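Beneath this line is the structure, given in structure tokens, with notes to follow.
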Amino acid sequence: MNGPPAFGREEAQGRAKPHGDFLTTTVRSSNIRFVAAMTNFAATYLRFVWAGLAKHGQTGGIVPSQRFLIATMIAPVPITYGGKLIELGAGTGALTLRLAARCPEARILACEINPTLARELGRNLAAAGFQDRVELFAGPAEDLLSGLGKGGVKKPDFVISGIPLGNLGREKALALILAIRRALGEGGRYIQFQHSLLDRKKIRAWFPNLRTIPVFLNFPPAFVYCARKSKPFGAQAA
Ligand SMILES: C[S@@+](CC[C@H](N)C(=O)[O-])C[C@H]1O[C@@H](n2cnc3c(N)ncnc32)[C@H](O)[C@@H]1O
């Protein structure tokens, strides 16, 4: 009855080293996972670079945002935040994935206009297991924002945006900023990054309560605008 232990016949016959085999198998499968993750990362990165080259005006950059910029963008969202937030111009999800990991209770609606990047974002969300908490809107932010808040649905507390405002033209940029203001709940935050200070005045026109944070450790360096929707002001209240 005192037969060979659980590792099986080969071990009992002294032909196998179970711990060694186990280690080899574990190392091999973690190597495979690492290679698969790196391949996926490279593919995602290249798709973004291609979008940046082919549709530069719309994409506004040729590489996804990097860690310090992302950290500055998502820092205002409390880790325990359990409400809704919107990300505009999500790209392939560099920021979306970090945000979803940082705020496990939050529900995120991620919007991306470029169908190739939106598909890649969907794949990345599924691979990370976030597809239940992060909803994808593959279309223009303007369409998403105009449909929000209808039917008494609670407004989001945060709108985070990487949309290249500077490439939209003055009227479109102002209209988008106003639509963001309208979509936000009272006291809600609008967080936007840009690679210049060109649109600071436009943002201030609708969000007088505005802070600008430079992030030099990013390629290219960026500015993060952190705005709060305060009480309606003057005749322009929106
Ligand atoms: C500078 S990239 C930022 C991507 C990503 N958030 C990041 O930080 O790496 C801007 C993104 O906004 C998207 N975009 C541009 N105009 C848009 C619009 N009107 N609606 C939705 N997305 C838009 C572009 O396709 C691009 O993926």
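As shown in the structure tokens, the chain order sets the letters A, B, ...; within each chain, residues go from 1, and ligands are also counted from 1 in the order they appear.
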
Excluding Val77 (chain A) and its own-chain neighbours fewer than 2 positions away, which residues fall within 8 Å of it when counting only C-alpha atoms? Please give them as a ChimeraX atom specification.
/A:74-75,79,81,103,158

Go ahead and write the residues just picked, N, CA and C atoms, as a PDB file, in the first residue's frame.
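File again-v4.pdb, as written:
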ATOM      1  N   ILE A  74      -3.853  59.907 -14.215  1.00  0.00           N
ATOM      2  CA  ILE A  74      -4.831  59.129 -13.435  1.00  0.00           C
ATOM      3  C   ILE A  74      -4.758  59.409 -11.933  1.00  0.00           C
ATOM      4  N   ALA A  75      -3.733  60.155 -11.508  1.00  0.00           N
ATOM      5  CA  ALA A  75      -3.561  60.419 -10.065  1.00  0.00           C
ATOM      6  C   ALA A  75      -4.799  61.045  -9.401  1.00  0.00           C
ATOM      7  N   ILE A  79      -8.187  55.692  -5.698  1.00  0.00           N
ATOM      8  CA  ILE A  79      -8.076  54.242  -5.931  1.00  0.00           C
ATOM      9  C   ILE A  79      -9.404  53.550  -5.628  1.00  0.00           C
ATOM     10  N   TYR A  81     -12.365  54.791  -6.031  1.00  0.00           N
ATOM     11  CA  TYR A  81     -13.477  55.374  -6.784  1.00  0.00           C
ATOM     12  C   TYR A  81     -14.342  54.263  -7.392  1.00  0.00           C
ATOM     13  N   CYS A 103      -8.003  51.367 -10.317  1.00  0.00           N
ATOM     14  CA  CYS A 103      -9.312  51.588  -9.691  1.00  0.00           C
ATOM     15  C   CYS A 103     -10.229  50.388  -9.948  1.00  0.00           C
ATOM     16  N   PHE A 158     -15.494  61.958 -13.819  1.00  0.00           N
ATOM     17  CA  PHE A 158     -14.202  62.222 -14.454  1.00  0.00           C
ATOM     18  C   PHE A 158     -14.313  62.029 -15.962  1.00  0.00           C
TER      19      PHE A 158
END

Report as a ChimeraX atom specification which protein, DNA and RNA residues come within 6 Å of ligand 1, using only C-alpha atoms and all ligand atoms.
/A:58-61,64-65,88-91,94-95,111-114,140-141,162-164

Write the residues of the selection above to a file with C-alpha atoms, as a CSV table (one decimal), in the first residue's frame.
chain,number,residue,atom,x,y,z
A,58,GLN,CA,-6.1,62.6,-35.6
A,59,THR,CA,-3.7,60.6,-33.6
A,60,GLY,CA,-1.6,63.5,-32.4
A,61,GLY,CA,1.5,61.4,-31.6
A,64,PRO,CA,1.5,55.8,-26.8
A,65,SER,CA,1.8,57.8,-23.6
A,88,LEU,CA,-11.7,60.0,-24.7
A,89,GLY,CA,-9.1,59.1,-27.3
A,90,ALA,CA,-8.1,55.8,-25.6
A,91,GLY,CA,-5.8,54.7,-28.5
A,94,ALA,CA,-1.9,52.5,-22.6
A,95,LEU,CA,-3.8,54.7,-20.0
A,111,CYS,CA,-13.9,56.0,-26.6
A,112,GLU,CA,-11.7,55.7,-29.7
A,113,ILE,CA,-12.4,57.0,-33.1
A,114,ASN,CA,-9.8,55.0,-35.1
A,140,PRO,CA,-16.0,60.0,-32.2
A,141,ALA,CA,-16.1,61.5,-28.8
A,162,GLY,CA,-5.9,62.4,-24.9
A,163,ILE,CA,-7.6,63.8,-27.9
A,164,PRO,CA,-5.2,66.1,-29.7

DSSP says strand (DSSP E or B) for which residues of region 139-211 of chain A? Put them as JSON, numbers by chain?
{"A": [158, 159, 160, 161, 189, 190, 191, 192, 193, 194, 210, 211]}

Take the residues just selected and output them with C-alpha atoms as a PDB file, in the first residue's frame.
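Produced file part.pdb, reproduced below:
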ATOM      1  CA  PHE A 158     -14.202  62.222 -14.454  1.00  0.00           C
ATOM      2  CA  VAL A 159     -13.513  62.761 -18.132  1.00  0.00           C
ATOM      3  CA  ILE A 160      -9.934  61.899 -19.081  1.00  0.00           C
ATOM      4  CA  SER A 161      -8.847  62.855 -22.573  1.00  0.00           C
ATOM      5  CA  ARG A 189     -12.960  66.686 -13.160  1.00  0.00           C
ATOM      6  CA  TYR A 190     -11.723  67.087 -16.717  1.00  0.00           C
ATOM      7  CA  ILE A 191      -8.165  65.848 -17.212  1.00  0.00           C
ATOM      8  CA  GLN A 192      -6.520  66.428 -20.571  1.00  0.00           C
ATOM      9  CA  PHE A 193      -2.985  66.134 -21.872  1.00  0.00           C
ATOM     10  CA  GLN A 194      -1.364  68.018 -24.697  1.00  0.00           C
ATOM     11  CA  LEU A 210      -7.653  74.862 -13.961  1.00  0.00           C
ATOM     12  CA  ARG A 211      -4.227  73.545 -12.979  1.00  0.00           C
TER      13      ARG A 211
END

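Nearest-residue note for Ile62 (chain A): choosing from A:Tyr45, A:Asn124, A:Gly188, A:Lys154, the minimum distance belongs to A:Tyr45, counting only C-alpha atoms.
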
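For the set A:Leu85, A:Leu99, A:Ala51, A:Leu168, the residue with the smallest atom-to-atom gap to Met73 (chain A) is A:Leu99, counting only C-alpha atoms.
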
So which residues of chain A fall under helix (DSSP H, G or I) by DSSP, listed as JSON, numbers by chain?
{"A": [9, 10, 11, 12, 18, 19, 20, 21, 22, 23, 24, 25, 26, 27, 28, 29, 30, 31, 32, 33, 34, 35, 36, 37, 38, 39, 40, 41, 42, 43, 44, 45, 46, 47, 48, 49, 50, 51, 52, 53, 54, 56, 57, 58, 59, 67, 68, 69, 70, 71, 72, 73, 74, 94, 95, 96, 97, 98, 99, 100, 101, 102, 115, 116, 117, 118, 119, 120, 121, 122, 123, 124, 125, 126, 127, 128, 141, 142, 143, 144, 145, 146, 147, 150, 151, 152, 165, 166, 167, 170, 171, 172, 173, 174, 175, 176, 177, 178, 179, 180, 181, 182, 183, 200, 201, 202, 203, 204, 205, 206]}
